[in-house]
file entry.cif (mmCIF, C-alpha atoms and all ligand atoms)
data_protein
#
loop_
_atom_site.label_atom_id
_atom_site.label_comp_id
_atom_site.auth_asym_id
_atom_site.auth_seq_id
_atom_site.Cartn_x
_atom_site.Cartn_y
_atom_site.Cartn_z
CA MET J 1 -30.34 -46.05 -8.17
CA LYS J 2 -28.98 -44.43 -5.12
CA THR J 3 -25.43 -44.53 -6.46
CA ALA J 4 -26.55 -43.11 -9.78
CA GLY J 5 -28.31 -40.26 -7.94
CA VAL J 6 -25.16 -39.44 -6.05
CA ALA J 7 -23.16 -39.62 -9.25
CA ALA J 8 -25.60 -37.29 -10.98
CA ARG J 9 -25.46 -34.82 -8.11
CA ARG J 10 -21.72 -34.97 -8.07
CA SER J 11 -21.47 -34.38 -11.77
CA THR J 12 -23.54 -31.20 -11.51
CA ALA J 13 -21.59 -29.97 -8.48
CA TYR J 14 -18.30 -30.65 -10.21
CA ASP J 15 -16.71 -28.71 -13.01
CA PRO J 16 -16.27 -31.24 -15.89
CA ASP J 17 -12.65 -30.10 -16.30
CA MET J 18 -11.93 -30.57 -12.62
CA THR J 19 -9.35 -33.19 -11.68
CA GLU J 20 -10.32 -35.81 -9.11
CA THR J 21 -7.14 -35.48 -7.13
CA LEU J 22 -5.10 -32.49 -6.19
CA SER J 23 -1.37 -32.54 -6.56
CA VAL J 24 -0.18 -30.63 -3.50
CA GLN J 25 3.33 -29.43 -2.68
CA VAL J 26 3.74 -28.58 0.98
CA TRP J 27 6.72 -26.93 2.65
CA ARG J 28 8.27 -29.24 5.25
CA GLY J 29 11.03 -28.13 7.59
CA SER J 30 11.86 -24.80 9.14
CA GLU J 31 13.80 -21.99 7.44
CA ARG J 32 15.62 -24.81 5.69
CA GLY J 33 13.46 -27.48 4.22
CA ALA J 34 11.88 -28.64 1.02
CA PHE J 35 8.53 -29.07 -0.67
CA VAL J 36 7.01 -32.54 -0.32
CA ALA J 37 4.36 -33.80 -2.74
CA TYR J 38 1.01 -35.18 -1.55
CA SER J 39 -1.99 -36.40 -3.42
CA VAL J 40 -5.28 -35.27 -1.92
CA PRO J 41 -8.81 -36.20 -3.08
CA ARG J 42 -10.69 -33.25 -4.46
CA ARG J 43 -14.07 -32.44 -2.96
CA ALA J 44 -16.80 -29.93 -3.59
CA SER J 45 -16.48 -26.63 -1.68
CA GLN J 46 -13.05 -27.71 -0.44
CA THR J 47 -10.88 -25.04 1.13
CA VAL J 48 -7.10 -24.93 1.18
CA LEU J 49 -7.29 -25.46 4.94
CA ASP J 50 -9.33 -28.64 4.29
CA VAL J 51 -6.50 -29.86 2.06
CA VAL J 52 -3.87 -29.22 4.74
CA THR J 53 -6.07 -30.86 7.37
CA HIS J 54 -6.54 -33.91 5.13
CA ILE J 55 -2.79 -34.31 4.81
CA GLN J 56 -2.28 -33.96 8.55
CA ARG J 57 -5.09 -36.33 9.55
CA ARG J 58 -4.83 -38.94 6.81
CA ILE J 59 -1.31 -38.90 5.41
CA ASP J 60 1.28 -37.46 7.78
CA ALA J 61 0.35 -36.55 11.34
CA SER J 62 3.65 -34.74 11.86
CA LEU J 63 2.62 -31.83 9.61
CA SER J 64 2.43 -28.60 11.64
CA TYR J 65 0.08 -25.75 10.80
CA ARG J 66 -2.19 -23.35 12.60
CA PHE J 67 -5.90 -22.68 12.55
CA ALA J 68 -8.70 -22.08 15.02
CA CYS J 69 -12.03 -20.69 13.86
CA ARG J 70 -12.22 -22.00 10.25
CA VAL J 71 -14.61 -19.16 9.40
CA GLY J 72 -12.33 -16.20 8.75
CA MET J 73 -12.39 -14.60 12.17
CA CYS J 74 -9.32 -15.59 14.16
CA GLY J 75 -6.64 -14.81 11.58
CA SER J 76 -4.46 -17.79 12.43
CA CYS J 77 -4.58 -19.85 9.22
CA ALA J 78 -2.71 -17.62 6.77
CA MET J 79 -0.22 -19.33 4.43
CA THR J 80 1.31 -18.76 1.03
CA VAL J 81 -0.89 -20.49 -1.52
CA ASN J 82 0.43 -20.76 -5.07
CA GLY J 83 2.73 -17.83 -4.35
CA ARG J 84 0.20 -15.48 -2.76
CA PRO J 85 -0.50 -14.91 0.92
CA ARG J 86 -4.06 -15.95 1.77
CA TRP J 87 -6.35 -16.98 4.60
CA THR J 88 -6.64 -20.68 3.90
CA CYS J 89 -9.93 -21.38 5.71
CA ARG J 90 -11.81 -19.14 3.31
CA THR J 91 -9.85 -19.79 0.16
CA HIS J 92 -11.67 -22.30 -1.99
CA VAL J 93 -9.50 -24.71 -3.93
CA ASP J 94 -11.63 -24.05 -7.02
CA ARG J 95 -10.55 -20.46 -7.04
CA VAL J 96 -6.80 -20.99 -6.74
CA ALA J 97 -6.08 -24.40 -8.27
CA LYS J 98 -8.00 -24.66 -11.51
CA ASN J 99 -5.69 -27.35 -12.88
CA GLY J 100 -5.44 -29.26 -9.61
CA ASP J 101 -1.97 -28.02 -8.57
CA LEU J 102 -1.46 -26.41 -5.17
CA THR J 103 1.74 -25.21 -3.58
CA ILE J 104 1.39 -24.37 0.09
CA ALA J 105 4.18 -22.61 1.97
CA PRO J 106 4.46 -20.68 5.22
CA LEU J 107 3.82 -16.92 5.25
CA ARG J 108 6.66 -14.76 3.96
CA ASN J 109 8.53 -12.19 6.08
CA LEU J 110 8.24 -14.12 9.36
CA PRO J 111 10.55 -16.83 10.74
CA VAL J 112 9.33 -20.35 10.06
CA ILE J 113 8.96 -22.46 13.20
CA LYS J 114 8.02 -25.70 11.45
CA ASP J 115 6.28 -26.56 8.19
CA LEU J 116 3.42 -24.09 7.76
CA ALA J 117 3.61 -22.44 11.18
CA VAL J 118 5.47 -19.12 11.40
CA ASP J 119 6.61 -17.26 14.48
CA MET J 120 4.19 -14.34 14.82
CA ARG J 121 6.03 -12.65 17.69
CA GLU J 122 7.82 -10.14 15.49
CA PHE J 123 4.49 -9.27 13.85
CA PHE J 124 2.69 -8.54 17.11
CA ASP J 125 5.73 -6.93 18.73
CA LYS J 126 5.45 -4.38 15.94
CA TRP J 127 1.85 -3.66 16.95
CA ALA J 128 3.16 -2.94 20.45
CA ARG J 129 5.96 -0.74 19.05
CA ALA J 130 3.36 1.17 17.03
CA LYS J 131 1.50 1.84 20.31
CA GLY J 132 -1.35 -0.35 19.20
CA GLN J 133 -2.92 -0.38 22.67
CA PHE J 134 -5.90 1.82 23.51
CA GLN J 135 -4.98 4.57 25.99
CA PRO J 136 -8.11 5.42 27.96
CA THR J 137 -8.91 8.99 28.97
CA ALA J 138 -11.92 8.12 31.13
CA SER J 139 -12.50 5.79 34.05
CA ARG J 140 -15.33 3.44 34.84
CA ARG J 141 -16.91 6.21 36.91
CA ASP J 142 -17.39 8.36 33.83
CA GLY J 143 -20.44 8.00 31.63
CA PHE J 144 -20.39 6.30 28.27
CA ALA J 145 -18.37 8.09 25.63
CA VAL J 146 -20.56 9.28 22.80
CA VAL J 147 -18.99 8.76 19.39
CA ARG J 148 -21.41 9.58 16.61
CA PRO J 149 -21.43 6.79 13.98
CA ASP J 150 -21.57 9.39 11.21
CA SER J 151 -18.69 11.51 12.51
CA ALA J 152 -15.61 11.71 10.27
CA ALA J 153 -13.31 10.25 12.94
CA ARG J 154 -15.59 7.29 13.58
CA LYS J 155 -15.89 6.52 9.85
CA GLN J 156 -12.12 6.76 9.56
CA ALA J 157 -11.66 4.26 12.38
CA ASP J 158 -14.39 2.00 10.98
CA ALA J 159 -12.59 1.73 7.66
CA GLY J 160 -9.69 -0.11 9.26
CA ILE J 161 -11.19 -1.67 12.36
CA GLU J 162 -12.09 -5.13 11.03
CA CYS J 163 -8.49 -6.36 10.94
CA ILE J 164 -8.19 -9.96 12.16
CA GLY J 165 -4.40 -9.83 12.58
CA CYS J 166 -3.78 -12.57 10.03
CA GLY J 167 -0.43 -11.23 8.82
CA VAL J 168 -1.33 -11.57 5.13
CA CYS J 169 -0.53 -7.90 4.43
CA HIS J 170 2.75 -8.20 6.34
CA ALA J 171 3.72 -11.12 4.11
CA ALA J 172 2.64 -9.26 0.98
CA CYS J 173 4.66 -6.11 1.73
CA ASP J 174 8.02 -5.82 -0.02
CA VAL J 175 9.16 -3.02 2.28
CA VAL J 176 8.86 -5.42 5.23
CA ALA J 177 11.14 -7.80 3.30
CA TRP J 178 13.67 -5.06 2.52
CA ASN J 179 13.63 -3.25 5.86
CA ARG J 180 13.21 -5.59 8.81
CA ASP J 181 12.58 -2.69 11.18
CA TYR J 182 9.58 -1.47 9.18
CA LEU J 183 6.45 -1.71 11.32
CA GLY J 184 4.41 -2.98 8.41
CA PRO J 185 0.85 -2.43 7.19
CA ALA J 186 -1.07 -4.22 9.95
CA ALA J 187 0.59 -2.46 12.89
CA LEU J 188 0.30 0.90 11.15
CA ASN J 189 -3.34 0.28 10.25
CA ARG J 190 -3.95 -0.47 13.91
CA ALA J 191 -2.20 2.74 14.94
CA TRP J 192 -4.39 4.68 12.50
CA THR J 193 -7.65 3.25 13.88
CA LEU J 194 -6.55 4.30 17.37
CA PHE J 195 -5.42 7.68 16.08
CA SER J 196 -8.96 8.12 14.78
CA ASP J 197 -10.45 7.11 18.15
CA THR J 198 -11.65 10.28 19.86
CA ARG J 199 -11.55 8.54 23.28
CA ASP J 200 -7.86 7.72 23.06
CA GLY J 201 -5.30 9.82 24.89
CA GLY J 202 -2.04 8.45 23.51
CA GLN J 203 -1.87 10.31 20.21
CA ALA J 204 1.40 12.23 20.59
CA THR J 205 3.45 9.20 21.66
CA ARG J 206 1.75 7.05 19.05
CA LEU J 207 2.55 9.50 16.23
CA ALA J 208 6.16 9.69 17.38
CA ALA J 209 6.32 5.88 17.47
CA VAL J 210 5.02 5.42 13.94
CA ALA J 211 6.90 8.29 12.25
CA GLY J 212 10.08 8.06 10.22
CA ASP J 213 12.21 5.47 8.42
CA ALA J 214 10.95 2.42 10.29
CA GLY J 215 7.38 3.67 10.37
CA CYS J 216 4.74 5.03 8.04
CA HIS J 217 7.14 7.17 6.01
CA ALA J 218 8.91 4.05 4.75
CA CYS J 219 5.74 2.86 2.98
CA HIS J 220 5.98 3.02 -0.82
CA SER J 221 2.19 3.07 -1.26
CA HIS J 222 2.35 0.22 -3.77
CA GLN J 223 -0.78 -1.28 -2.19
CA SER J 224 0.21 -4.90 -2.09
CA CYS J 225 -1.26 -4.99 1.43
CA GLN J 226 -4.60 -3.73 0.20
CA GLU J 227 -4.58 -6.10 -2.77
CA HIS J 228 -4.13 -9.15 -0.53
CA CYS J 229 -6.01 -8.25 2.66
CA PRO J 230 -8.76 -10.88 2.98
CA LYS J 231 -10.93 -8.38 4.86
CA HIS J 232 -10.60 -5.90 1.99
CA LEU J 233 -9.11 -3.28 4.25
CA ASN J 234 -6.87 -0.58 2.86
CA PRO J 235 -3.79 -0.25 5.08
CA THR J 236 -2.20 1.98 2.43
CA ALA J 237 -4.88 4.60 3.04
CA SER J 238 -4.43 4.30 6.82
CA ILE J 239 -0.68 4.72 6.40
CA ALA J 240 -1.20 7.76 4.17
CA GLY J 241 -3.28 9.30 6.97
CA LEU J 242 -0.50 8.64 9.47
CA LYS J 243 2.09 10.13 7.10
CA ARG J 244 0.15 13.37 6.86
CA ALA J 245 -0.60 13.59 10.56
CA ALA J 246 3.01 12.85 11.53
CA ALA J 247 4.36 15.29 8.94
CA TRP J 248 2.26 18.13 10.38
CA ALA J 249 3.30 17.16 13.90
CA ALA J 250 6.97 17.20 12.86
CA LEU J 251 6.60 20.59 11.17
CA LYS J 252 5.00 22.00 14.30
CA GLY J 253 7.75 20.49 16.43
CA GLN J 254 5.33 18.24 18.31
CA ILE J 255 7.24 15.04 17.62
CA MET T 4 18.97 10.77 12.72
CA THR T 5 15.95 11.52 14.92
CA PRO T 6 12.48 10.40 13.81
CA ARG T 7 11.63 14.08 13.41
CA GLY T 8 14.57 14.55 11.06
CA GLN T 9 13.43 11.53 9.06
CA VAL T 10 9.92 12.93 8.76
CA LEU T 11 11.28 16.32 7.68
CA LEU T 12 13.29 14.56 4.95
CA TRP T 13 10.05 12.97 3.79
CA VAL T 14 8.38 16.40 3.74
CA ALA T 15 11.34 17.86 1.85
CA GLN T 16 11.11 15.11 -0.73
CA ARG T 17 7.39 15.75 -1.31
CA GLY T 18 7.92 19.51 -1.41
CA SER T 19 10.80 19.24 -3.87
CA ALA T 20 8.70 16.90 -6.00
CA ALA T 21 6.06 19.61 -6.28
CA VAL T 22 8.71 22.16 -7.33
CA LEU T 23 10.18 19.68 -9.80
CA GLY T 24 6.75 19.07 -11.29
CA LEU T 25 6.47 22.75 -12.18
CA CYS T 26 10.09 22.99 -13.33
CA VAL T 27 9.73 20.01 -15.64
CA ILE T 28 6.59 21.51 -17.21
CA VAL T 29 8.39 24.83 -17.86
CA HIS T 30 11.45 22.94 -19.12
CA LEU T 31 9.44 20.74 -21.53
CA ALA T 32 7.33 23.66 -22.74
CA THR T 33 10.49 25.65 -23.45
CA ILE T 34 11.98 22.75 -25.40
CA ILE T 35 8.82 22.34 -27.48
CA VAL T 36 8.65 26.05 -28.24
CA ALA T 37 12.40 26.36 -28.82
CA VAL T 38 12.73 23.52 -31.34
CA GLN T 39 10.01 24.92 -33.61
CA GLY T 40 12.51 26.68 -35.82
CA GLY T 41 15.31 24.13 -35.38
CA LEU T 42 17.67 24.03 -32.46
CA THR T 43 21.04 25.69 -32.40
CA GLY T 44 23.53 26.40 -29.63
CA ALA T 45 23.45 30.05 -30.58
CA GLU T 46 19.72 30.22 -30.07
CA ILE T 47 19.96 28.65 -26.59
CA LEU T 48 22.71 31.07 -25.61
CA ALA T 49 20.71 34.01 -26.94
CA ARG T 50 17.90 33.04 -24.59
CA VAL T 51 19.76 32.29 -21.39
CA ARG T 52 22.98 34.34 -21.52
CA GLY T 53 22.84 37.19 -19.05
CA SER T 54 19.25 36.37 -18.13
CA GLY T 55 18.73 36.58 -14.38
CA ALA T 56 15.29 35.00 -14.74
CA TRP T 57 16.64 31.86 -16.44
CA LEU T 58 19.51 31.68 -13.96
CA ALA T 59 17.01 31.82 -11.11
CA PHE T 60 14.81 29.19 -12.78
CA TYR T 61 17.63 26.72 -13.38
CA SER T 62 19.06 27.35 -9.91
CA LEU T 63 15.70 26.43 -8.42
CA PHE T 64 15.56 23.36 -10.68
CA VAL T 65 19.04 22.26 -9.57
CA ALA T 66 18.26 22.86 -5.90
CA ALA T 67 15.05 20.81 -6.14
CA VAL T 68 16.89 17.92 -7.82
CA ALA T 69 19.63 18.11 -5.19
CA VAL T 70 17.01 17.76 -2.45
CA HIS T 71 14.75 15.22 -4.13
CA GLY T 72 17.16 12.72 -5.67
CA PRO T 73 19.49 12.03 -2.76
CA ILE T 74 16.60 11.41 -0.34
CA GLY T 75 15.38 8.72 -2.72
CA ILE T 76 18.90 7.34 -3.10
CA ARG T 77 19.13 7.17 0.68
CA THR T 78 15.98 5.03 0.80
CA ILE T 79 17.13 2.77 -2.04
CA LEU T 80 20.55 2.22 -0.47
CA HIS T 81 18.97 1.47 2.88
CA GLU T 82 16.53 -1.04 1.43
CA MET T 83 18.76 -2.69 -1.15
CA THR T 84 22.20 -2.78 0.47
CA ALA T 85 23.60 -3.80 3.82
CA LEU T 86 25.38 -0.45 4.28
CA ARG T 87 25.17 1.11 7.72
CA ARG T 88 22.87 4.07 8.31
CA GLY T 89 25.73 6.52 8.74
CA VAL T 90 27.36 5.45 5.48
CA VAL T 91 24.06 5.69 3.61
CA ASP T 92 23.42 9.20 4.96
CA GLY T 93 26.97 10.22 4.02
CA LEU T 94 26.52 8.94 0.46
CA ALA T 95 23.21 10.80 0.15
CA VAL T 96 24.82 14.07 1.29
CA ALA T 97 27.71 13.51 -1.12
CA THR T 98 25.26 12.94 -3.99
CA ALA T 99 23.44 16.16 -3.09
CA GLY T 100 26.76 18.02 -3.13
CA LEU T 101 27.69 16.60 -6.51
CA ILE T 102 24.33 17.51 -8.06
CA LEU T 103 24.54 21.03 -6.64
CA ALA T 104 28.11 21.55 -7.89
CA LEU T 105 27.52 20.18 -11.40
CA GLY T 106 24.09 21.78 -11.75
CA PHE T 107 25.11 25.26 -10.65
CA ARG T 108 28.23 25.05 -12.76
CA ALA T 109 26.07 24.39 -15.80
CA ALA T 110 23.49 27.09 -14.97
CA TRP T 111 26.18 29.65 -14.17
CA GLY T 112 28.13 28.68 -17.27
CA LEU T 113 25.15 29.41 -19.52
CA TYR T 114 24.41 32.69 -17.74
CA GLY T 115 27.92 33.99 -18.10
CA ALA T 116 28.82 32.31 -21.41
CA ALA T 117 30.95 34.50 -23.61
S1 LIG E 301 1.40 0.12 0.53
FE1 LIG E 301 2.98 0.32 2.10
S2 LIG E 301 2.44 -1.11 3.70
FE2 LIG E 301 1.22 -1.65 1.90
S3 LIG E 301 2.41 -3.24 0.89
FE3 LIG E 301 3.05 -1.29 -0.02
S4 LIG E 301 4.80 -0.56 1.21
FE4 LIG E 301 3.79 -2.23 2.34
S1 LIG E 302 -4.98 -5.58 7.57
FE1 LIG E 302 -5.97 -7.30 6.51
S2 LIG E 302 -4.27 -8.59 5.81
FE2 LIG E 302 -3.44 -7.22 7.36
S3 LIG E 302 -3.52 -8.37 9.27
FE3 LIG E 302 -5.41 -7.14 9.13
S4 LIG E 302 -6.92 -8.47 8.15
FE4 LIG E 302 -4.91 -9.41 7.80
S1 LIG E 303 -8.90 -20.40 10.84
FE1 LIG E 303 -9.57 -18.53 11.71
S2 LIG E 303 -9.32 -17.12 10.06
FE2 LIG E 303 -8.84 -19.03 9.12
#

call {"tool": "encode", "arguments": {"input": "entry.cif", "output": "structure tokens"}}
result
Amino acid sequence: MKTAGVAARRSTAYDPDMTETLSVQVWRGSERGAFVAYSVPRRASQTVLDVVTHIQRRIDASLSYRFACRVGMCGSCAMTVNGRPRWTCRTHVDRVAKNGDLTIAPLRNLPVIKDLAVDMREFFDKWARAKGQFQPTASRRDGFAVVRPDSAARKQADAGIECIGCGVCHAACDVVAWNRDYLGPAALNRAWTLFSDTRDGGQATRLAAVAGDAGCHACHSHQSCQEHCPKHLNPTASIAGLKRAAAWAALKGQI
Amino acid sequence: MTPRGQVLLWVAQRGSAAVLGLCVIVHLATIIVAVQGGLTGAEILARVRGSGAWLAFYSLFVAAVAVHGPIGIRTILHEMTALRRGVVDGLAVATAGLILALGFRAAWGLYGAA
């Protein structure tokens, strides 16, 4: 009886067309390597990160990958899943592998350290180059800064502030692939949120840092970053804001 | 090139695009109107020969193309080839020169055609 109950529950939770096992290809190696095939049992509500974890815990402990929070906050679990960059902890297998086939590779546009782990240094170094650090104008002796939630600047900053630094947009951007110096959507989105921060005092140096051929003006506005961002941010819009601001600054001779 | 120079190129490309937008509309409208009664070389020459207005229009058109195109070519060469920055800039300037020379030659030729 008990078994039948479980079976009945399972059959309602499962899509009748769903395969019982997933056929998973995983990148093994560094820059040079190859895809290795694994067979992983399919489960209800399974995420791509669950699949990778299953392989590492049950099949081959030498598989390297990165994750921390498992709930879409830390931004460390991004990989290329069936050709698209995604956060794996919140990507359900059902959504991306209807026929039971999964191909999991490291993120594009960053050096591969091993298997599914990429070297994020270049990515975060670009945030630093884009002056992605807050430059305070007040000290602890000053009162609280008042930034009205409904002010235009605050709304502008809000639109881009929820970035988790996952690198998905960086991997999705063709200009990053073509022009290794390009700061990329995430660093520029960060620069834009700070540019919109009325408490920040580093605007002139920041605009100079993000302007030109390696900065916002290299963006082709093709919106791949926006299409793939798991937080549904729009780095293209942030970059467009930077382009305008930097263009005016250049015309006025301020940068 | 300084970052400021790069930004000014970007501004020039947007500005020239706006000019080109207008020029293309005038150009297409003229074609549509002109072909109504069939198109002959004589008819074209009757319109543009000795006309300062058409010379000015086509000169503006040529200048806008000479600004707009090479800036795009510079970006494409930079992204798609391994050429050095200096070489890419040189090729872009050369392309601008070629467009200006050929374009003005054509516009001037029509203006002064015998
Ligand atoms: S819109 Fe710009 S930053 Fe975003 S993917 Fe395209 S080129 Fe990259
Ligand atoms: S903008 Fe979106 S895709 Fe890019 S790093 Fe931030 S959260 Fe990830
Ligand atoms: S593990 Fe933290 S965002 Fe996926």

call {"tool": "closest_atom_pairs", "arguments": {"input": "entry.cif", "of": "chain T", "to": "chain J", "cutoff": "9 Å", "atoms": "all atoms listed in the file", "output": "tab-separated table"}}
result
residue	atom	partner	partner_atom	distance
T:Thr5	CA	J:Gly212	CA	8.3
T:Pro6	CA	J:Gly212	CA	4.9
T:Arg7	CA	J:Ala250	CA	5.6
T:Gly8	CA	J:Gly212	CA	7.9
T:Gln9	CA	J:Gly212	CA	5.0
T:Val10	CA	J:Gly212	CA	5.1
T:Leu11	CA	J:Ala250	CA	6.8
T:Leu12	CA	J:Gly212	CA	9.0
T:Trp13	CA	J:His217	CA	6.9
T:Val14	CA	J:Ala247	CA	6.7
T:Thr78	CA	J:Ala218	CA	8.2
T:His81	CA	J:Asn179	CA	7.7
T:Glu82	CA	J:Trp178	CA	5.1
T:Met83	CA	J:Trp178	CA	6.7

call {"tool": "closest_residue", "arguments": {"input": "entry.cif", "among": "J:Arg32, J:Arg66, J:Arg154, J:Arg190", "to": "J:Val52", "atoms": "all atoms listed in the file"}}
result
J:Arg66

call {"tool": "closest_residue", "arguments": {"input": "entry.cif", "among": "J:Leu188, J:Gln25, J:Ala237, J:Cys229", "to": "J:Arg129", "atoms": "all atoms listed in the file"}}
result
J:Leu188

call {"tool": "residues_near_ligand", "arguments": {"input": "entry.cif", "ligand": "ligand LIG 301 (chain E)", "cutoff": "10 Å", "atoms": "only C-alpha atoms and all ligand atoms", "output": "PyMOL selection string"}}
result
chain J and resi 169-177+182-189+215-229+234-240

call {"tool": "write_last_selection", "arguments": {"input": "entry.cif", "atoms": "C-alpha atoms", "output": "PDB file, in the coordinates of the input"}}
result
ATOM      1  CA  CYS J 169      -0.530  -7.900   4.430  1.00  0.00           C
ATOM      2  CA  HIS J 170       2.750  -8.200   6.340  1.00  0.00           C
ATOM      3  CA  ALA J 171       3.720 -11.120   4.110  1.00  0.00           C
ATOM      4  CA  ALA J 172       2.640  -9.260   0.980  1.00  0.00           C
ATOM      5  CA  CYS J 173       4.660  -6.110   1.730  1.00  0.00           C
ATOM      6  CA  ASP J 174       8.020  -5.820  -0.020  1.00  0.00           C
ATOM      7  CA  VAL J 175       9.160  -3.020   2.280  1.00  0.00           C
ATOM      8  CA  VAL J 176       8.860  -5.420   5.230  1.00  0.00           C
ATOM      9  CA  ALA J 177      11.140  -7.800   3.300  1.00  0.00           C
ATOM     10  CA  TYR J 182       9.580  -1.470   9.180  1.00  0.00           C
ATOM     11  CA  LEU J 183       6.450  -1.710  11.320  1.00  0.00           C
ATOM     12  CA  GLY J 184       4.410  -2.980   8.410  1.00  0.00           C
ATOM     13  CA  PRO J 185       0.850  -2.430   7.190  1.00  0.00           C
ATOM     14  CA  ALA J 186      -1.070  -4.220   9.950  1.00  0.00           C
ATOM     15  CA  ALA J 187       0.590  -2.460  12.890  1.00  0.00           C
ATOM     16  CA  LEU J 188       0.300   0.900  11.150  1.00  0.00           C
ATOM     17  CA  ASN J 189      -3.340   0.280  10.250  1.00  0.00           C
ATOM     18  CA  GLY J 215       7.380   3.670  10.370  1.00  0.00           C
ATOM     19  CA  CYS J 216       4.740   5.030   8.040  1.00  0.00           C
ATOM     20  CA  HIS J 217       7.140   7.170   6.010  1.00  0.00           C
ATOM     21  CA  ALA J 218       8.910   4.050   4.750  1.00  0.00           C
ATOM     22  CA  CYS J 219       5.740   2.860   2.980  1.00  0.00           C
ATOM     23  CA  HIS J 220       5.980   3.020  -0.820  1.00  0.00           C
ATOM     24  CA  SER J 221       2.190   3.070  -1.260  1.00  0.00           C
ATOM     25  CA  HIS J 222       2.350   0.220  -3.770  1.00  0.00           C
ATOM     26  CA  GLN J 223      -0.780  -1.280  -2.190  1.00  0.00           C
ATOM     27  CA  SER J 224       0.210  -4.900  -2.090  1.00  0.00           C
ATOM     28  CA  CYS J 225      -1.260  -4.990   1.430  1.00  0.00           C
ATOM     29  CA  GLN J 226      -4.600  -3.730   0.200  1.00  0.00           C
ATOM     30  CA  GLU J 227      -4.580  -6.100  -2.770  1.00  0.00           C
ATOM     31  CA  HIS J 228      -4.130  -9.150  -0.530  1.00  0.00           C
ATOM     32  CA  CYS J 229      -6.010  -8.250   2.660  1.00  0.00           C
ATOM     33  CA  ASN J 234      -6.870  -0.580   2.860  1.00  0.00           C
ATOM     34  CA  PRO J 235      -3.790  -0.250   5.080  1.00  0.00           C
ATOM     35  CA  THR J 236      -2.200   1.980   2.430  1.00  0.00           C
ATOM     36  CA  ALA J 237      -4.880   4.600   3.040  1.00  0.00           C
ATOM     37  CA  SER J 238      -4.430   4.300   6.820  1.00  0.00           C
ATOM     38  CA  ILE J 239      -0.680   4.720   6.400  1.00  0.00           C
ATOM     39  CA  ALA J 240      -1.200   7.760   4.170  1.00  0.00           C
TER      40      ALA J 240
END

call {"tool": "residues_around", "arguments": {"input": "entry.cif", "residues": "stretch 200-204 of chain J", "least_positions_apart": "4", "cutoff": "7 Å", "atoms": "all atoms listed in the file", "output": "ChimeraX atom specification"}}
result
/J:134-137,194-195,208

call {"tool": "residues_near_ligand", "arguments": {"input": "entry.cif", "ligand": "ligand LIG 303 (chain E)", "cutoff": "7 Å", "atoms": "all atoms listed in the file", "output": "list of chain:residue names"}}
result
J:Phe67, J:Ala68, J:Cys69, J:Arg70, J:Val71, J:Gly72, J:Met73, J:Cys74, J:Gly75, J:Ser76, J:Cys77, J:Ala78, J:Trp87, J:Thr88, J:Cys89, J:Arg90

call {"tool": "residues_around", "arguments": {"input": "entry.cif", "residues": "T:Gly112", "least_positions_apart": "4", "cutoff": "12 Å", "atoms": "only C-alpha atoms", "output": "PyMOL selection string"}}
result
chain T and resi 48+51-54+57-58+61-62+104-108+116-117

call {"tool": "residues_near_point", "arguments": {"input": "entry.cif", "point": "(-12.3, 14.1, 10.8)", "cutoff": "12 Å", "atoms": "all atoms listed in the file", "output": "PyMOL selection string"}}
result
chain J and resi 148+150-157+195-198+241+245

call {"tool": "residues_around", "arguments": {"input": "entry.cif", "residues": "stretch 23-25 of chain T", "least_positions_apart": "2", "cutoff": "9 Å", "atoms": "only C-alpha atoms", "output": "list in words"}}
result
Gly18, Ser19, Ala20, Ala21, Val27, Ile28, Val29, His30, Leu63, Phe64, Ala67, Val68 and His71 of chain T

call {"tool": "residues_around", "arguments": {"input": "entry.cif", "residues": "J:Arg43", "least_positions_apart": "2", "cutoff": "9 Å", "atoms": "all atoms listed in the file", "output": "JSON, numbers by chain"}}
result
{"J": [14, 20, 21, 41, 45, 46]}

call {"tool": "closest_residue", "arguments": {"input": "entry.cif", "among": "J:Arg86, J:Ala97, J:Asp125, J:Ala130", "to": "ligand LIG 302 (chain E)", "atoms": "only C-alpha atoms and all ligand atoms"}}
result
J:Arg86

call {"tool": "atom_distance", "arguments": {"input": "entry.cif", "atom1": "atom CA of T:Leu113", "atom2": "atom CA of T:Val70"}}
result
22.2 Å

call {"tool": "closest_residue", "arguments": {"input": "entry.cif", "among": "J:Phe124, J:Tyr65, J:Trp27, J:Tyr38", "to": "ligand LIG 302 (chain E)", "atoms": "all atoms listed in the file"}}
result
J:Phe124

call {"tool": "atom_distance", "arguments": {"input": "entry.cif", "atom1": "atom CA of T:Arg77", "atom2": "atom CA of T:Ala95"}}
result
5.5 Å
